[in-house]
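Participant: Next comes the structure file structure_36.pdb, holding PDB, C-alpha atoms.
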ATOM      1  CA  MET Y  21      24.483 -10.608  54.603  1.00  0.00           C
ATOM      2  CA  ASN Y  22      23.636 -14.320  54.608  1.00  0.00           C
ATOM      3  CA  GLN Y  23      24.223 -16.873  51.843  1.00  0.00           C
ATOM      4  CA  ASN Y  24      20.627 -16.681  50.541  1.00  0.00           C
ATOM      5  CA  SER Y  25      20.902 -12.908  50.117  1.00  0.00           C
ATOM      6  CA  VAL Y  26      24.094 -13.328  48.095  1.00  0.00           C
ATOM      7  CA  VAL Y  27      22.450 -15.914  45.846  1.00  0.00           C
ATOM      8  CA  VAL Y  28      19.450 -13.630  45.283  1.00  0.00           C
ATOM      9  CA  LEU Y  29      21.726 -10.692  44.437  1.00  0.00           C
ATOM     10  CA  LEU Y  30      23.738 -12.806  41.986  1.00  0.00           C
ATOM     11  CA  VAL Y  31      20.593 -14.047  40.252  1.00  0.00           C
ATOM     12  CA  LEU Y  32      19.259 -10.478  39.966  1.00  0.00           C
ATOM     13  CA  ALA Y  33      22.605  -9.280  38.603  1.00  0.00           C
ATOM     14  CA  PHE Y  34      22.560 -12.077  36.008  1.00  0.00           C
ATOM     15  CA  PHE Y  35      19.063 -11.177  34.797  1.00  0.00           C
ATOM     16  CA  CYS Y  36      19.876  -7.462  34.677  1.00  0.00           C
ATOM     17  CA  SER Y  37      23.030  -8.074  32.634  1.00  0.00           C
ATOM     18  CA  ALA Y  38      21.104 -10.400  30.291  1.00  0.00           C
ATOM     19  CA  ALA Y  39      18.452  -7.738  29.761  1.00  0.00           C
ATOM     20  CA  LEU Y  40      21.118  -5.192  28.863  1.00  0.00           C
ATOM     21  CA  ALA Y  41      22.622  -7.643  26.360  1.00  0.00           C
ATOM     22  CA  CYS Y  42      19.323  -7.907  24.457  1.00  0.00           C
ATOM     23  CA  GLU Y  43      18.891  -5.862  21.328  1.00  0.00           C
ATOM     24  CA  SER Y  44      15.410  -4.604  20.533  1.00  0.00           C
ATOM     25  CA  SER Y  45      14.220  -3.915  16.998  1.00  0.00           C
ATOM     26  CA  TYR Y  46      10.863  -2.921  15.577  1.00  0.00           C
ATOM     27  CA  ALA Y  47       9.113  -2.556  12.227  1.00  0.00           C
ATOM     28  CA  TRP Y  48       5.857  -1.465  10.640  1.00  0.00           C
ATOM     29  CA  VAL Y  49       4.960  -3.931   7.864  1.00  0.00           C
ATOM     30  CA  ARG Y  50       2.332  -3.712   5.123  1.00  0.00           C
ATOM     31  CA  SER Y  51       0.205  -6.754   4.296  1.00  0.00           C
ATOM     32  CA  SER Y  52       2.314  -7.123   1.132  1.00  0.00           C
ATOM     33  CA  GLY Y  53       5.411  -7.742   3.290  1.00  0.00           C
ATOM     34  CA  GLU Y  54       6.878  -4.310   2.552  1.00  0.00           C
ATOM     35  CA  VAL Y  55       8.705  -2.864   5.564  1.00  0.00           C
ATOM     36  CA  VAL Y  56       7.549   0.746   5.823  1.00  0.00           C
ATOM     37  CA  THR Y  57       9.830   1.638   8.719  1.00  0.00           C
ATOM     38  CA  SER Y  58      12.263  -0.264  10.922  1.00  0.00           C
ATOM     39  CA  GLY Y  59      14.422   0.819  13.816  1.00  0.00           C
ATOM     40  CA  GLY Y  60      16.056  -0.070  17.064  1.00  0.00           C
ATOM     41  CA  GLY Y  61      19.173  -2.199  17.281  1.00  0.00           C
ATOM     42  CA  ARG Y  62      18.798  -3.849  13.875  1.00  0.00           C
ATOM     43  CA  THR Y  63      16.829  -3.262  10.721  1.00  0.00           C
ATOM     44  CA  LEU Y  64      14.198  -5.953  10.152  1.00  0.00           C
ATOM     45  CA  ASN Y  65      13.592  -7.597   6.792  1.00  0.00           C
ATOM     46  CA  VAL Y  66      10.317  -9.374   5.959  1.00  0.00           C
ATOM     47  CA  THR Y  67       9.630 -12.026   3.326  1.00  0.00           C
ATOM     48  CA  LYS Y  68       5.977 -12.821   2.605  1.00  0.00           C
ATOM     49  CA  ILE Y  69       5.704 -16.551   1.819  1.00  0.00           C
ATOM     50  CA  ALA Y  70       1.912 -17.028   1.660  1.00  0.00           C
ATOM     51  CA  PRO Y  71      -1.285 -15.123   2.490  1.00  0.00           C
ATOM     52  CA  GLY Y  72      -0.948 -13.947   6.094  1.00  0.00           C
ATOM     53  CA  GLN Y  73       2.454 -15.644   6.559  1.00  0.00           C
ATOM     54  CA  TYR Y  74       5.614 -13.584   6.904  1.00  0.00           C
ATOM     55  CA  CYS Y  75       9.209 -14.481   7.774  1.00  0.00           C
ATOM     56  CA  LEU Y  76      11.289 -12.050   9.846  1.00  0.00           C
ATOM     57  CA  GLN Y  77      15.014 -11.599   9.442  1.00  0.00           C
ATOM     58  CA  THR Y  78      17.593  -9.031  10.495  1.00  0.00           C
ATOM     59  CA  VAL Y  79      19.726  -6.916   8.200  1.00  0.00           C
ATOM     60  CA  GLU Y  80      23.266  -6.973   9.551  1.00  0.00           C
ATOM     61  CA  ASP Y  81      25.587  -3.950   9.538  1.00  0.00           C
ATOM     62  CA  ASP Y  82      27.303  -5.189   6.384  1.00  0.00           C
ATOM     63  CA  GLY Y  83      23.945  -5.508   4.554  1.00  0.00           C
ATOM     64  CA  THR Y  84      23.732  -9.296   4.724  1.00  0.00           C
ATOM     65  CA  ILE Y  85      20.552 -11.003   5.927  1.00  0.00           C
ATOM     66  CA  GLY Y  86      20.788 -12.563   9.369  1.00  0.00           C
ATOM     67  CA  LYS Y  87      18.366 -14.434  11.562  1.00  0.00           C
ATOM     68  CA  ILE Y  88      16.614 -13.715  14.813  1.00  0.00           C
ATOM     69  CA  GLY Y  89      17.644 -15.930  17.706  1.00  0.00           C
ATOM     70  CA  THR Y  90      15.595 -19.066  18.343  1.00  0.00           C
ATOM     71  CA  TYR Y  91      12.890 -18.426  20.948  1.00  0.00           C
ATOM     72  CA  ALA Y  92      13.534 -14.665  20.960  1.00  0.00           C
ATOM     73  CA  PRO Y  93      10.557 -12.750  22.385  1.00  0.00           C
ATOM     74  CA  VAL Y  94       8.440 -11.255  19.578  1.00  0.00           C
ATOM     75  CA  LEU Y  95       5.414  -8.988  20.000  1.00  0.00           C
ATOM     76  CA  VAL Y  96       3.091  -8.628  16.992  1.00  0.00           C
ATOM     77  CA  THR Y  97       0.047  -6.364  16.662  1.00  0.00           C
ATOM     78  CA  ILE Y  98      -2.198  -6.190  13.621  1.00  0.00           C
ATOM     79  CA  GLN Y  99      -2.925  -2.748  12.249  1.00  0.00           C
ATOM     80  CA  ASP Y 100      -6.306  -2.758  10.502  1.00  0.00           C
ATOM     81  CA  LYS Y 101      -7.653   0.626  11.659  1.00  0.00           C
ATOM     82  CA  GLY Y 102     -10.185  -1.130  13.891  1.00  0.00           C
ATOM     83  CA  GLN Y 103     -12.037  -2.626  10.943  1.00  0.00           C
ATOM     84  CA  ASN Y 104     -11.936  -6.251  12.075  1.00  0.00           C
ATOM     85  CA  THR Y 105     -12.369  -6.853  15.796  1.00  0.00           C
ATOM     86  CA  TYR Y 106     -11.865 -10.605  15.344  1.00  0.00           C
ATOM     87  CA  ALA Y 107      -8.352 -10.466  13.965  1.00  0.00           C
ATOM     88  CA  GLY Y 108      -4.990 -11.268  15.480  1.00  0.00           C
ATOM     89  CA  ALA Y 109      -1.377 -12.181  14.950  1.00  0.00           C
ATOM     90  CA  THR Y 110       1.019 -14.757  16.335  1.00  0.00           C
ATOM     91  CA  ALA Y 111       4.776 -15.267  16.141  1.00  0.00           C
ATOM     92  CA  ASN Y 112       6.753 -18.514  16.122  1.00  0.00           C
ATOM     93  CA  THR Y 113      10.482 -18.256  16.797  1.00  0.00           C
ATOM     94  CA  GLY Y 114      10.992 -21.976  17.263  1.00  0.00           C
ATOM     95  CA  THR Y 115      12.089 -24.464  14.670  1.00  0.00           C
ATOM     96  CA  GLY Y 116      10.066 -26.595  12.279  1.00  0.00           C
ATOM     97  CA  ASN Y 117       7.953 -23.963  10.558  1.00  0.00           C
ATOM     98  CA  SER Y 118       7.693 -22.715   6.966  1.00  0.00           C
ATOM     99  CA  CYS Y 119      10.172 -19.919   7.681  1.00  0.00           C
ATOM    100  CA  ASN Y 120      13.122 -22.235   8.386  1.00  0.00           C
ATOM    101  CA  PRO Y 121      14.738 -21.335   5.015  1.00  0.00           C
ATOM    102  CA  TYR Y 122      14.440 -17.658   6.038  1.00  0.00           C
ATOM    103  CA  GLY Y 123      15.799 -17.917   9.574  1.00  0.00           C
ATOM    104  CA  GLY Y 124      12.868 -19.564  11.345  1.00  0.00           C
ATOM    105  CA  THR Y 125      10.907 -16.594  12.712  1.00  0.00           C
ATOM    106  CA  MET Y 126       7.317 -16.567  11.411  1.00  0.00           C
ATOM    107  CA  VAL Y 127       4.528 -14.062  11.862  1.00  0.00           C
ATOM    108  CA  ARG Y 128       0.997 -15.201  11.024  1.00  0.00           C
ATOM    109  CA  THR Y 129      -1.914 -12.756  10.727  1.00  0.00           C
ATOM    110  CA  PHE Y 130      -5.477 -14.047  10.794  1.00  0.00           C
ATOM    111  CA  ARG Y 131      -9.129 -13.312  11.303  1.00  0.00           C
ATOM    112  CA  SER Y 132     -11.510 -15.451  13.303  1.00  0.00           C
ATOM    113  CA  ASP Y 133     -15.174 -16.221  12.862  1.00  0.00           C
ATOM    114  CA  ASP Y 134     -17.598 -18.942  13.946  1.00  0.00           C
ATOM    115  CA  SER Y 135     -15.893 -21.486  11.676  1.00  0.00           C
ATOM    116  CA  GLY Y 136     -12.421 -20.877  13.120  1.00  0.00           C
ATOM    117  CA  SER Y 137      -9.245 -19.008  12.263  1.00  0.00           C
ATOM    118  CA  ILE Y 138      -8.435 -18.033   8.673  1.00  0.00           C
ATOM    119  CA  THR Y 139      -4.961 -16.842   7.684  1.00  0.00           C
ATOM    120  CA  THR Y 140      -5.472 -13.376   6.161  1.00  0.00           C
ATOM    121  CA  ASP Y 141      -3.206 -10.540   5.042  1.00  0.00           C
ATOM    122  CA  TYR Y 142      -3.001  -7.605   7.477  1.00  0.00           C
ATOM    123  CA  ASP Y 143      -0.606  -4.751   8.104  1.00  0.00           C
ATOM    124  CA  PHE Y 144       1.212  -5.329  11.385  1.00  0.00           C
ATOM    125  CA  SER Y 145       3.769  -3.868  13.727  1.00  0.00           C
ATOM    126  CA  VAL Y 146       6.397  -6.073  15.325  1.00  0.00           C
ATOM    127  CA  ALA Y 147       8.967  -5.734  18.090  1.00  0.00           C
ATOM    128  CA  VAL Y 148      11.768  -8.244  18.637  1.00  0.00           C
ATOM    129  CA  TRP Y 149      14.119  -8.683  21.605  1.00  0.00           C
ATOM    130  CA  ASP Y 150      17.089 -10.645  20.294  1.00  0.00           C
ATOM    131  CA  CYS Y 151      19.302 -11.761  23.172  1.00  0.00           C
TER
END
What is this file in structure tokens?
Facilitator:
Amino acid sequence: MNQNSVVVLLVLAFFCSAALACESSYAWVRSSGEVVTSGGGRTLNVTKIAPGQYCLQTVEDDGTIGKIGTYAPVLVTIQDKGQNTYAGATANTGTGNSCNPYGGTMVRTFRSDDSGSITTDYDFSVAVWDC
């Protein structure tokens, strides 16, 4: 085994161990911000701060509210029963958004038309990988 093979194996081992250290959580959220169901590694809490704007947080084992790690991967899907084909959702886990007082992880749901994107309330499902 040459030196390059060892380096490749070490890098792969690092990424595999990092993936195992991640904790995945998921939730189904109503447009009102109510969490209908949550599961996985942590329970998710949602605070609705404006139309179509929601802040995600974790509920720790002791019941306190925690935050999702900065730049954690977040997958969001709107759930509108196929009624609006020009709708979508985004997540921002960086800093400097309206959710900073709530831990910094924002979900925005919206619809699009010829005039642009309009923040709109939608039910959504979300999955978070907090490493």
Participant: Would you mind listing what lies within 6 Å of region 122-134 of chain Y as an mmCIF file with C-alpha atoms, in the coordinates of the input, with all atoms listed in the file counted and same-chain residues fewer than 6 positions away left out?
Facilitator:
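The new file part34.cif reads:
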data_model
loop_
_atom_site.group_PDB
_atom_site.id
_atom_site.type_symbol
_atom_site.label_atom_id
_atom_site.label_comp_id
_atom_site.auth_asym_id
_atom_site.auth_seq_id
_atom_site.Cartn_x
_atom_site.Cartn_y
_atom_site.Cartn_z
ATOM 1 C CA GLY Y 72 -0.948 -13.947 6.094
ATOM 2 C CA GLN Y 73 2.454 -15.644 6.559
ATOM 3 C CA TYR Y 74 5.614 -13.584 6.904
ATOM 4 C CA CYS Y 75 9.209 -14.481 7.774
ATOM 5 C CA LEU Y 76 11.289 -12.050 9.846
ATOM 6 C CA LYS Y 87 18.366 -14.434 11.562
ATOM 7 C CA TYR Y 106 -11.865 -10.605 15.344
ATOM 8 C CA ALA Y 107 -8.352 -10.466 13.965
ATOM 9 C CA GLY Y 108 -4.990 -11.268 15.480
ATOM 10 C CA ALA Y 109 -1.377 -12.181 14.950
ATOM 11 C CA THR Y 110 1.019 -14.757 16.335
ATOM 12 C CA ALA Y 111 4.776 -15.267 16.141
ATOM 13 C CA ASN Y 112 6.753 -18.514 16.122
ATOM 14 C CA THR Y 113 10.482 -18.256 16.797
ATOM 15 C CA THR Y 115 12.089 -24.464 14.670
ATOM 16 C CA THR Y 140 -5.472 -13.376 6.161
#
Participant: For a test of reading the model, state the distance in Å between CA of Tyr142 (chain Y) and CA of Gly114 (chain Y), rounded to one decimal.
Facilitator: 22.3 Å
Participant: On this file, the PyMOL selection byres ((chain Y and resi 95) around 8) gives some set of residues; write that set as number ranges by chain.
Facilitator: Y: 93-94, 96-97, 111, 146-148
Participant: Considering all atoms listed in the file, state which residue in the set Y:Ser44, Y:Lys101, Y:Asp81, Y:Cys119 is at the smallest distance from Val66 (chain Y).
Facilitator: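 Once distances to Val66 (chain Y) are computed over all atoms listed in the file, the minimum belongs to Y:Cys119.
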Participant: Determine, counting only C-alpha atoms, which protein, DNA and RNA residues have an atom within 10 Å of an atom of Val49 (chain Y); residues of the same chain fewer than 4 positions away are not included. Present the result as a PyMOL selection string.
Facilitator: chain Y and resi 53-58+64-66+74+98-99+142-146
Participant: Which one is closest to Asp141 (chain Y): Y:Thr90, Y:Ser45, Y:Thr78, Y:Ser52? Count all atoms listed in the file.
Facilitator: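 Once distances to Asp141 (chain Y) are computed over all atoms listed in the file, the minimum belongs to Y:Ser52.
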Participant: How many Å lie between CA of Thr67 (chain Y) and CA of Gln103 (chain Y), rounded to one decimal?
Facilitator: 24.8 Å
Participant: Figure out the distance between CA of Ile88 (chain Y) and CA of Gly60 (chain Y), please, to one decimal in Å.
Facilitator: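 Value for the CA of Gly60 (chain Y)-CA of Ile88 (chain Y) distance: 13.8 Å.
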Participant: For region 43-52 of chain Y, take all atoms listed in the file, fit an axis-aligned box around them, add 8 Å to each of the six sides, then output centre and edge lengths in Å rounded to one decimal, as JSON.
Facilitator:
{"center_x": 9.5, "center_y": -4.3, "center_z": 11.2, "size_x": 34.7, "size_y": 21.7, "size_z": 36.2}
Participant: Compare Y:Thr84, Y:Gln77, Y:Ser135, Y:Glu43 by their minimum atom-to-atom distance to Gly61 (chain Y), counting only C-alpha atoms, and give me the closest one.
Facilitator: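 Comparing Y:Thr84, Y:Gln77, Y:Ser135, Y:Glu43 against Gly61 (chain Y), the winner is Y:Glu43.
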Participant: As an MDAnalysis selection string, please: the residues near Asp82 (chain Y) (cut-off 12 Å, all atoms listed in the file, same-chain neighbours under 3 positions excluded).
Facilitator: chainID Y and resid 62:63 78:79 85:86
Participant: Find, counting only C-alpha atoms, the residue in Y:Asn120, Y:Gly59, Y:Ser51, Y:Asp150 that gets nearest to Pro71 (chain Y).
Facilitator: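 Nearest candidate to Pro71 (chain Y) out of Y:Asn120, Y:Gly59, Y:Ser51, Y:Asp150: Y:Ser51.
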Participant: Return region 40-67 of chain Y, completed with N, CA and C atoms, as a PDB file, in the coordinates of the input.
Facilitator:
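rebuild_36.pdb, written as the output of this step:
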ATOM      1  N   LEU Y  40      20.329  -6.213  29.539  1.00  0.00           N
ATOM      2  CA  LEU Y  40      21.118  -5.192  28.863  1.00  0.00           C
ATOM      3  C   LEU Y  40      21.767  -5.731  27.597  1.00  0.00           C
ATOM      4  N   ALA Y  41      21.994  -7.036  27.533  1.00  0.00           N
ATOM      5  CA  ALA Y  41      22.622  -7.643  26.360  1.00  0.00           C
ATOM      6  C   ALA Y  41      21.620  -7.849  25.225  1.00  0.00           C
ATOM      7  N   CYS Y  42      20.337  -7.729  25.495  1.00  0.00           N
ATOM      8  CA  CYS Y  42      19.323  -7.907  24.457  1.00  0.00           C
ATOM      9  C   CYS Y  42      19.285  -6.686  23.551  1.00  0.00           C
ATOM     10  N   GLU Y  43      19.005  -6.944  22.298  1.00  0.00           N
ATOM     11  CA  GLU Y  43      18.891  -5.862  21.328  1.00  0.00           C
ATOM     12  C   GLU Y  43      17.452  -5.833  20.832  1.00  0.00           C
ATOM     13  N   SER Y  44      16.797  -4.692  20.974  1.00  0.00           N
ATOM     14  CA  SER Y  44      15.410  -4.604  20.533  1.00  0.00           C
ATOM     15  C   SER Y  44      15.344  -3.940  19.169  1.00  0.00           C
ATOM     16  N   SER Y  45      14.449  -4.452  18.343  1.00  0.00           N
ATOM     17  CA  SER Y  45      14.220  -3.915  16.998  1.00  0.00           C
ATOM     18  C   SER Y  45      12.720  -3.883  16.765  1.00  0.00           C
ATOM     19  N   TYR Y  46      12.284  -3.012  15.868  1.00  0.00           N
ATOM     20  CA  TYR Y  46      10.863  -2.921  15.577  1.00  0.00           C
ATOM     21  C   TYR Y  46      10.655  -2.597  14.104  1.00  0.00           C
ATOM     22  N   ALA Y  47       9.445  -2.876  13.616  1.00  0.00           N
ATOM     23  CA  ALA Y  47       9.113  -2.556  12.227  1.00  0.00           C
ATOM     24  C   ALA Y  47       7.611  -2.394  12.078  1.00  0.00           C
ATOM     25  N   TRP Y  48       7.230  -1.598  11.105  1.00  0.00           N
ATOM     26  CA  TRP Y  48       5.857  -1.465  10.640  1.00  0.00           C
ATOM     27  C   TRP Y  48       5.845  -2.137   9.273  1.00  0.00           C
ATOM     28  N   VAL Y  49       4.953  -3.112   9.074  1.00  0.00           N
ATOM     29  CA  VAL Y  49       4.960  -3.931   7.864  1.00  0.00           C
ATOM     30  C   VAL Y  49       3.590  -3.893   7.197  1.00  0.00           C
ATOM     31  N   ARG Y  50       3.575  -3.655   5.903  1.00  0.00           N
ATOM     32  CA  ARG Y  50       2.332  -3.712   5.123  1.00  0.00           C
ATOM     33  C   ARG Y  50       1.945  -5.167   4.876  1.00  0.00           C
ATOM     34  N   SER Y  51       0.687  -5.392   4.548  1.00  0.00           N
ATOM     35  CA  SER Y  51       0.205  -6.754   4.296  1.00  0.00           C
ATOM     36  C   SER Y  51       0.932  -7.409   3.120  1.00  0.00           C
ATOM     37  N   SER Y  52       1.539  -6.604   2.263  1.00  0.00           N
ATOM     38  CA  SER Y  52       2.314  -7.123   1.132  1.00  0.00           C
ATOM     39  C   SER Y  52       3.679  -7.660   1.561  1.00  0.00           C
ATOM     40  N   GLY Y  53       4.086  -7.370   2.799  1.00  0.00           N
ATOM     41  CA  GLY Y  53       5.411  -7.742   3.290  1.00  0.00           C
ATOM     42  C   GLY Y  53       6.406  -6.603   3.213  1.00  0.00           C
ATOM     43  N   GLU Y  54       5.994  -5.472   2.641  1.00  0.00           N
ATOM     44  CA  GLU Y  54       6.878  -4.310   2.552  1.00  0.00           C
ATOM     45  C   GLU Y  54       7.105  -3.711   3.943  1.00  0.00           C
ATOM     46  N   VAL Y  55       8.366  -3.519   4.300  1.00  0.00           N
ATOM     47  CA  VAL Y  55       8.705  -2.864   5.564  1.00  0.00           C
ATOM     48  C   VAL Y  55       8.658  -1.359   5.330  1.00  0.00           C
ATOM     49  N   VAL Y  56       7.716  -0.697   5.979  1.00  0.00           N
ATOM     50  CA  VAL Y  56       7.549   0.746   5.823  1.00  0.00           C
ATOM     51  C   VAL Y  56       8.612   1.477   6.636  1.00  0.00           C
ATOM     52  N   THR Y  57       8.809   1.039   7.864  1.00  0.00           N
ATOM     53  CA  THR Y  57       9.830   1.638   8.719  1.00  0.00           C
ATOM     54  C   THR Y  57      10.365   0.558   9.655  1.00  0.00           C
ATOM     55  N   SER Y  58      11.624   0.682  10.017  1.00  0.00           N
ATOM     56  CA  SER Y  58      12.263  -0.264  10.922  1.00  0.00           C
ATOM     57  C   SER Y  58      13.286   0.504  11.735  1.00  0.00           C
ATOM     58  N   GLY Y  59      13.465   0.114  12.979  1.00  0.00           N
ATOM     59  CA  GLY Y  59      14.422   0.819  13.816  1.00  0.00           C
ATOM     60  C   GLY Y  59      14.859  -0.012  14.999  1.00  0.00           C
ATOM     61  N   GLY Y  60      15.525   0.626  15.904  1.00  0.00           N
ATOM     62  CA  GLY Y  60      16.056  -0.070  17.064  1.00  0.00           C
ATOM     63  C   GLY Y  60      17.459  -0.569  16.777  1.00  0.00           C
ATOM     64  N   GLY Y  61      17.824  -1.661  17.409  1.00  0.00           N
ATOM     65  CA  GLY Y  61      19.173  -2.199  17.281  1.00  0.00           C
ATOM     66  C   GLY Y  61      19.520  -2.698  15.898  1.00  0.00           C
ATOM     67  N   ARG Y  62      18.564  -3.309  15.218  1.00  0.00           N
ATOM     68  CA  ARG Y  62      18.798  -3.849  13.875  1.00  0.00           C
ATOM     69  C   ARG Y  62      17.622  -3.516  12.977  1.00  0.00           C
ATOM     70  N   THR Y  63      17.891  -3.412  11.700  1.00  0.00           N
ATOM     71  CA  THR Y  63      16.829  -3.262  10.721  1.00  0.00           C
ATOM     72  C   THR Y  63      16.207  -4.637  10.498  1.00  0.00           C
ATOM     73  N   LEU Y  64      14.875  -4.687  10.404  1.00  0.00           N
ATOM     74  CA  LEU Y  64      14.198  -5.953  10.152  1.00  0.00           C
ATOM     75  C   LEU Y  64      13.835  -6.067   8.680  1.00  0.00           C
ATOM     76  N   ASN Y  65      13.962  -7.261   8.155  1.00  0.00           N
ATOM     77  CA  ASN Y  65      13.592  -7.597   6.792  1.00  0.00           C
ATOM     78  C   ASN Y  65      12.428  -8.584   6.872  1.00  0.00           C
ATOM     79  N   VAL Y  66      11.474  -8.480   5.952  1.00  0.00           N
ATOM     80  CA  VAL Y  66      10.317  -9.374   5.959  1.00  0.00           C
ATOM     81  C   VAL Y  66      10.163  -9.998   4.584  1.00  0.00           C
ATOM     82  N   THR Y  67       9.927 -11.302   4.557  1.00  0.00           N
ATOM     83  CA  THR Y  67       9.630 -12.026   3.326  1.00  0.00           C
ATOM     84  C   THR Y  67       8.241 -12.625   3.472  1.00  0.00           C
TER      85      THR Y  67
END
